[in-house]
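K.L.:
Let me give you the structure first, and then I'll get to my questions.
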Amino acid sequence: METGLRVLLLSAVLLLATGCASVRNWLDRDEPRAAETPAEAVFAESGDFDEPPPRVIEPEVERRRIKVPRIDNENIELGGVFGALSVEDFGTNPVYGITAAYHVTEDFFFQAEAGRSIAGRTSFETLGGDIQLLTGDERRFTYYNLALGYNFLPGEVFLGRGLAMTSSFYLMAGVGSVDFAGDQKFAVSFGAGYRVLPTDWLAIHVRMQDRVFDSDLLGESKLTNNLEANIGLTVFF
Amino acid sequence: MPRFRSASLWLLLLALLAAPSLCGAREYLQVFVTEPYLELRTGPGRGFPVTQVVPRDESVDVLKRRTDWFKVRTERGIEGWASQRDMERVVLADGTPFTFPLGDRAGFTAHRLEMGIFMGDYGGATLISGFGSFSFNPQLAVELSVGQFLGNASNGTLVDLGLTHVFVPEWRVSPFVMLGTGLVHVEPKATLVMPPDRTDQTAYVGGGVRFYLTRRFFARAEYKSHVVFTSRNDNEEVDEWKLGFAFFF
C-alpha cells in the first residue's frame, strides 16, 4: 500500500516537472535564449564586453552543380556478312548472314550469328544423271552460332600518307546448330577474323570459319568440316 | 511530278548531310586532368600506340565509351582514347571526381543485368543455351533462358523463366538456387512410326555456382531438375547440366 502511494506521488512529481519544462517558453517567448547565442555566452563568461563579437561570414556563393550527361556506350556491334560456304560433299556456294557482338572488354567479346546457304549437288548426283539425294528444301543450309571471341592482335593499318585505321585480328570459338538435309545437328565452330575500322562506329570484317558437325547423310556417320569465308560490314552502337 | 520527286530527293540528301552536324551539337562532359598528363591512344585498347598527351589542368570532352576506354577530344580538337584507369583520376569542373560504372568485384557483387551462353546436357541430348537476368537486389534476380537441345532421338527447344537467389553475392565463388517454370517443345526424329511434335509446360528447381573470373566476366555452372507436365498419365523428369560464360553490366 505504502509502495503504491509512493509510486503514485513520484509519477505526479515527474509529470509536473516535465510539464513545467515543456511550458517553460510559453511565458518568456520574446526574450532571447542564452543557448541560441553561444558566441555571446562565451563572452559573457569571460566578462569581456568591450570587444564586438566576431562576425561569422556566411558564404553567399552557390556551389556550381555539374550535370553529368549520359556517356554514349558503344559496345554492341551489329551487321551482315556475305561470303562462300563449302558444304562438305555438296560444293561451295554463296552464304549470307547476320552477326551481333557485345564487347565486354577490349580483349573479349560475345558473338551471335546466323546464316543461310543453299548446298549444291554432290559429284555422285552430277555423274549419275537424274539422281537427287536431297529435295530443294533439304538443300537449305541454315546455321546459328554463339561464340566467344578474343581480340588477339590489335593494331593499325595505313592507307597512303594521311590515313590510319585501327584494326584487330581476332579468334572465335563457339557452339551452335546446323539445319541441313532435314535434320538439325549440334555444331562446333572456330575461326579467325580481321576487323578494320574506317571510323569509330563502322567496321569491315574478313573472316574464315570452320563449322564442324557430325553427319550420317551418306550412309555412315562422319565429322564434316564446312569452311566459310566471308566479308562483313558492322556498325557499333 | 519528276521535278517534285527530285526536289524531295535533294531535301532528303540535305537532311542526311545535316543529321551528323545536328548530332554533333550535343553537349559533352568536360573533365580536367589532375595527373601530370593524360595519355591518348589511337584506339580503344592497350595495344594501340600513344600519340598525344594532355597536360595537367587542361580539359577534355568525353565523347563516348567502348569497354574500358573513353574517347575524348582535347581543347585543340585532337581526339584519342584514354584508359579507364587514367579517367578515374580526372575531375569535373567543380573539382569532384569523375565516376562511372566499373567492371570489377564490386560490380560482380551488385549489378543490374547479366547475360551469358552455356553448353551442356539436357536429358542425354547436347544443349546450347543463352540466358539474361535482371537483378532486383544483389541476391534476387529474375532470369530468362532459351535453349536448344540436339539428341539422337529428338531435337527441341526450351524456354525457362524463374527466380534466382544468390546466397552470398560478395563471395568470388557464390552458390545460388533457382526456381521457375517454362515450356519445352520436342521434335522426335524420323523413325518408322512418326510421333507428332509436342509442346509441354515444365517446372524446374535447381542450383549452381558462379565464379568471378576477371573484369566483367564470370563462369557459371548449374543444374536444373525439370518436371515436364505431359498429356500422358505420368510426368517426365529431365535433368539439365550446363556450364558457361557470362558477363554483367
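The chains in the C-alpha cells are called A, B, ... from first to last as shown; in each chain the residues are counted from 1, and the ligands are counted from 1 in the order shown.
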If you run DSSP on the backbone, which residues of range 17-242 of chain B are strand (DSSP E), as number ranges by chain?
P.N.:
B: 29-32, 37-41, 50-55, 59-66, 69-74, 79-83, 91-92, 113-122, 125-135, 140-150, 154-166, 173-188, 198-214, 217-229, 236-242
K.L.:
Go ahead and write the selection's residues with C-alpha atoms as a short mmCIF file (atom, residue, chain, number, x, y, z; two decimals), in the first residue's frame.
P.N.:
```cif
data_model
loop_
_atom_site.label_atom_id
_atom_site.label_comp_id
_atom_site.auth_asym_id
_atom_site.auth_seq_id
_atom_site.Cartn_x
_atom_site.Cartn_y
_atom_site.Cartn_z
CA LEU B 29 31.04 16.21 -70.41
CA GLN B 30 34.13 18.31 -69.78
CA VAL B 31 36.72 16.86 -67.42
CA PHE B 32 40.05 18.24 -66.21
CA TYR B 37 49.48 14.24 -68.08
CA LEU B 38 46.75 12.14 -69.69
CA GLU B 39 47.80 9.70 -72.41
CA LEU B 40 45.69 9.39 -75.55
CA ARG B 41 45.90 6.34 -77.79
CA VAL B 50 50.08 6.65 -77.53
CA THR B 51 50.19 9.59 -79.92
CA GLN B 52 49.07 12.54 -77.75
CA VAL B 53 49.28 13.68 -74.16
CA VAL B 54 47.10 16.24 -72.43
CA PRO B 55 48.98 18.26 -69.76
CA SER B 59 40.34 19.83 -70.17
CA VAL B 60 38.98 17.17 -72.50
CA ASP B 61 35.44 16.44 -73.68
CA VAL B 62 34.27 12.86 -73.16
CA LEU B 63 32.73 11.75 -76.46
CA LYS B 64 31.96 8.08 -75.91
CA ARG B 65 32.97 4.91 -74.15
CA ARG B 66 33.88 1.50 -75.53
CA TRP B 69 38.18 3.10 -72.87
CA PHE B 70 36.91 6.65 -73.28
CA LYS B 71 37.13 8.62 -76.49
CA VAL B 72 37.97 12.22 -75.65
CA ARG B 73 38.60 15.46 -77.53
CA THR B 74 41.19 17.95 -76.34
CA GLU B 79 40.68 13.06 -80.50
CA GLY B 80 42.06 9.97 -78.84
CA TRP B 81 41.27 7.14 -76.44
CA ALA B 82 42.05 7.31 -72.72
CA SER B 83 42.07 4.30 -70.43
CA VAL B 91 37.87 15.73 -62.17
CA LEU B 92 34.75 17.60 -63.21
CA LEU B 113 21.90 -7.13 -65.80
CA GLU B 114 23.78 -10.22 -66.78
CA MET B 115 23.93 -12.32 -69.93
CA GLY B 116 25.72 -15.46 -70.91
CA ILE B 117 25.99 -18.57 -73.03
CA PHE B 118 26.00 -22.18 -71.94
CA MET B 119 26.75 -25.61 -73.25
CA GLY B 120 25.59 -28.76 -71.54
CA ASP B 121 23.39 -31.79 -71.41
CA TYR B 122 19.59 -31.98 -71.37
CA ALA B 125 20.97 -34.54 -75.62
CA THR B 126 23.53 -31.79 -76.29
CA LEU B 127 22.26 -28.46 -75.07
CA ILE B 128 23.16 -24.94 -76.25
CA SER B 129 21.57 -22.09 -74.36
CA GLY B 130 21.73 -18.43 -73.60
CA PHE B 131 20.34 -16.50 -70.66
CA GLY B 132 19.69 -12.99 -69.48
CA SER B 133 18.82 -11.86 -65.97
CA PHE B 134 17.65 -8.73 -64.21
CA SER B 135 18.56 -8.27 -60.54
CA LEU B 140 17.43 -11.86 -56.08
CA ALA B 141 17.11 -11.87 -59.85
CA VAL B 142 14.55 -12.84 -62.45
CA GLU B 143 16.06 -14.91 -65.22
CA LEU B 144 15.05 -15.92 -68.74
CA SER B 145 16.88 -18.69 -70.55
CA VAL B 146 16.37 -20.03 -74.04
CA GLY B 147 17.97 -23.26 -75.21
CA GLN B 148 18.07 -25.81 -77.95
CA PHE B 149 18.86 -29.48 -77.43
CA LEU B 150 20.02 -31.81 -80.17
CA SER B 154 14.78 -35.95 -80.66
CA ASN B 155 15.59 -32.28 -81.02
CA GLY B 156 13.83 -29.45 -79.32
CA THR B 157 13.81 -26.04 -77.75
CA LEU B 158 13.14 -24.91 -74.21
CA VAL B 159 12.33 -21.58 -72.59
CA ASP B 160 12.60 -21.08 -68.82
CA LEU B 161 11.55 -18.15 -66.68
CA GLY B 162 12.26 -18.09 -62.99
CA LEU B 163 13.86 -16.60 -59.93
CA THR B 164 17.46 -16.96 -58.85
CA HIS B 165 18.67 -16.41 -55.32
CA VAL B 166 22.37 -15.90 -54.64
CA VAL B 173 32.61 -18.41 -55.76
CA SER B 174 28.97 -17.86 -54.88
CA PRO B 175 26.31 -20.56 -54.89
CA PHE B 176 22.73 -19.89 -55.91
CA VAL B 177 19.37 -21.67 -56.16
CA MET B 178 16.72 -21.39 -58.86
CA LEU B 179 13.01 -21.99 -59.15
CA GLY B 180 10.79 -21.42 -62.14
CA THR B 181 8.59 -22.59 -64.92
CA GLY B 182 8.91 -22.97 -68.67
CA LEU B 183 7.96 -24.60 -71.91
CA VAL B 184 9.60 -27.40 -73.84
CA HIS B 185 8.99 -28.17 -77.50
CA VAL B 186 10.11 -31.63 -78.60
CA GLU B 187 10.52 -32.75 -82.21
CA PRO B 188 11.06 -36.52 -82.31
CA ARG B 198 4.66 -31.66 -78.78
CA THR B 199 4.89 -28.65 -76.50
CA ASP B 200 4.57 -29.13 -72.76
CA GLN B 201 4.76 -26.94 -69.72
CA THR B 202 7.58 -27.54 -67.28
CA ALA B 203 8.63 -26.55 -63.80
CA TYR B 204 12.15 -26.61 -62.52
CA VAL B 205 14.22 -26.37 -59.40
CA GLY B 206 17.96 -26.11 -59.49
CA GLY B 207 21.18 -24.72 -58.19
CA GLY B 208 24.66 -23.82 -59.19
CA VAL B 209 27.69 -21.67 -58.62
CA ARG B 210 29.04 -18.58 -60.28
CA PHE B 211 32.75 -17.90 -60.29
CA TYR B 212 34.18 -14.44 -60.86
CA LEU B 213 36.98 -14.55 -63.44
CA THR B 214 38.09 -11.03 -64.31
CA PHE B 217 33.41 -11.94 -66.72
CA PHE B 218 32.32 -14.87 -64.67
CA ALA B 219 31.84 -18.58 -65.23
CA ARG B 220 28.61 -20.28 -64.27
CA ALA B 221 27.83 -23.93 -63.72
CA GLU B 222 24.33 -25.09 -62.93
CA TYR B 223 21.96 -28.00 -62.59
CA LYS B 224 18.20 -27.93 -63.14
CA SER B 225 15.74 -30.68 -62.45
CA HIS B 226 12.75 -30.26 -64.79
CA VAL B 227 9.34 -31.83 -64.41
CA VAL B 228 7.57 -31.95 -67.77
CA PHE B 229 3.77 -31.95 -67.42
CA GLU B 236 8.55 -36.83 -67.17
CA GLU B 237 11.60 -35.80 -65.22
CA VAL B 238 14.57 -34.40 -67.10
CA ASP B 239 17.97 -33.40 -65.73
CA GLU B 240 19.86 -30.46 -67.19
CA TRP B 241 23.56 -29.79 -66.58
CA LYS B 242 25.38 -26.88 -68.11
#
```
K.L.:
Identify all residues of range 45-177 of chain B in alpha helix (DSSP H) (DSSP on the backbone) and supply them as a PyMOL selection string.
P.N.:
chain B and resi 84-87+105-109
K.L.:
Go ahead and write the residues just picked, C-alpha atoms, as a PDB file, in the first residue's frame.
P.N.:
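File part_38.pdb, as written:
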```pdb
ATOM      1  CA  GLN B  84      39.614   3.748 -67.601  1.00  0.00           C
ATOM      2  CA  ARG B  85      42.469   3.780 -65.084  1.00  0.00           C
ATOM      3  CA  ASP B  86      43.569   7.254 -66.215  1.00  0.00           C
ATOM      4  CA  MET B  87      39.999   8.534 -66.369  1.00  0.00           C
ATOM      5  CA  ARG B 105      34.464  -7.316 -57.975  1.00  0.00           C
ATOM      6  CA  ALA B 106      32.073  -4.708 -56.562  1.00  0.00           C
ATOM      7  CA  GLY B 107      30.204  -4.808 -59.867  1.00  0.00           C
ATOM      8  CA  PHE B 108      30.110  -8.596 -59.667  1.00  0.00           C
ATOM      9  CA  THR B 109      28.531  -8.380 -56.216  1.00  0.00           C
TER      10      THR B 109
END
```
K.L.:
For a test of reading the model, state the distance in Å between CA of Ala229 in chain A and CA of Ala181 in chain A, rounded to one decimal.
P.N.:
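According to the coordinates, CA of Ala229 in chain A and CA of Ala181 in chain A are separated by 21.7 Å.
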K.L.:
So which one's closest to Phe169 in chain A, A:Arg63, A:Arg195, A:Arg211, A:His103? Using only C-alpha atoms, please.
P.N.:
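Using only C-alpha atoms, Phe169 in chain A sits closest to A:Arg195.
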K.L.:
Select residues of chain A: the criterion is any atom within 8 Å of an atom of chain B, counting only C-alpha atoms; output as a PDB file with C-alpha atoms, in the first residue's frame.
P.N.:
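Result file is selection.pdb:
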```pdb
ATOM      1  CA  ARG A  64      28.237  25.040 -59.046  1.00  0.00           C
ATOM      2  CA  ARG A  65      26.364  21.897 -59.907  1.00  0.00           C
ATOM      3  CA  ILE A  66      27.703  19.871 -62.807  1.00  0.00           C
ATOM      4  CA  VAL A  68      26.854  14.821 -65.953  1.00  0.00           C
ATOM      5  CA  PRO A  69      25.426  13.913 -69.371  1.00  0.00           C
ATOM      6  CA  ILE A  71      28.121   8.969 -71.902  1.00  0.00           C
ATOM      7  CA  ASP A  72      27.434   7.058 -75.069  1.00  0.00           C
ATOM      8  CA  ASN A  73      28.423   3.414 -74.577  1.00  0.00           C
ATOM      9  CA  GLU A  74      29.303   1.759 -77.855  1.00  0.00           C
ATOM     10  CA  ASN A  75      29.835  -1.905 -77.084  1.00  0.00           C
ATOM     11  CA  HIS A 103      32.321  -6.254 -76.494  1.00  0.00           C
ATOM     12  CA  VAL A 104      32.799  -6.981 -72.812  1.00  0.00           C
ATOM     13  CA  THR A 105      36.419  -5.875 -72.525  1.00  0.00           C
ATOM     14  CA  GLU A 106      38.975  -4.709 -75.044  1.00  0.00           C
ATOM     15  CA  LEU A 146      27.077 -18.485 -80.129  1.00  0.00           C
ATOM     16  CA  LEU A 153      46.436  -8.675 -82.413  1.00  0.00           C
ATOM     17  CA  PRO A 154      45.244  -5.075 -82.132  1.00  0.00           C
ATOM     18  CA  GLY A 155      46.965  -2.640 -84.470  1.00  0.00           C
ATOM     19  CA  GLU A 156      46.664  -0.087 -87.183  1.00  0.00           C
ATOM     20  CA  THR A 166      42.590   0.819 -86.226  1.00  0.00           C
ATOM     21  CA  VAL A 175      28.736 -23.749 -80.360  1.00  0.00           C
ATOM     22  CA  GLY A 176      25.539 -23.778 -82.323  1.00  0.00           C
ATOM     23  CA  GLN A 184      19.334 -30.385 -87.132  1.00  0.00           C
ATOM     24  CA  LYS A 185      22.803 -31.120 -85.774  1.00  0.00           C
ATOM     25  CA  PHE A 186      24.925 -29.761 -82.982  1.00  0.00           C
TER      26      PHE A 186
END
```
K.L.:
With only C-alpha atoms as the counted atoms, please give the residues lying no more than 9 Å from Ile98 in chain A, apart from itself and same-chain residues fewer than 6 positions off, as a ChimeraX atom specification.
P.N.:
/A:78-82,112-115,232
K.L.:
For a quick check of understanding, using only C-alpha atoms, which of A:Phe236, A:Asp89, A:Ser11, A:Ser168 has the smallest distance to Phe124 in chain A?
P.N.:
A:Asp89
K.L.:
To one decimal place in Å, what is the distance between CA of Ser177 in chain A and CA of Ala153 in chain B?
P.N.:
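Value for the CA of Ser177 in chain A-CA of Ala153 in chain B distance: 16.0 Å.
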K.L.:
What is the distance, in Å and to one decimal place, between CA of Asp214 in chain A and CA of Phe180 in chain A?
P.N.:
11.3 Å
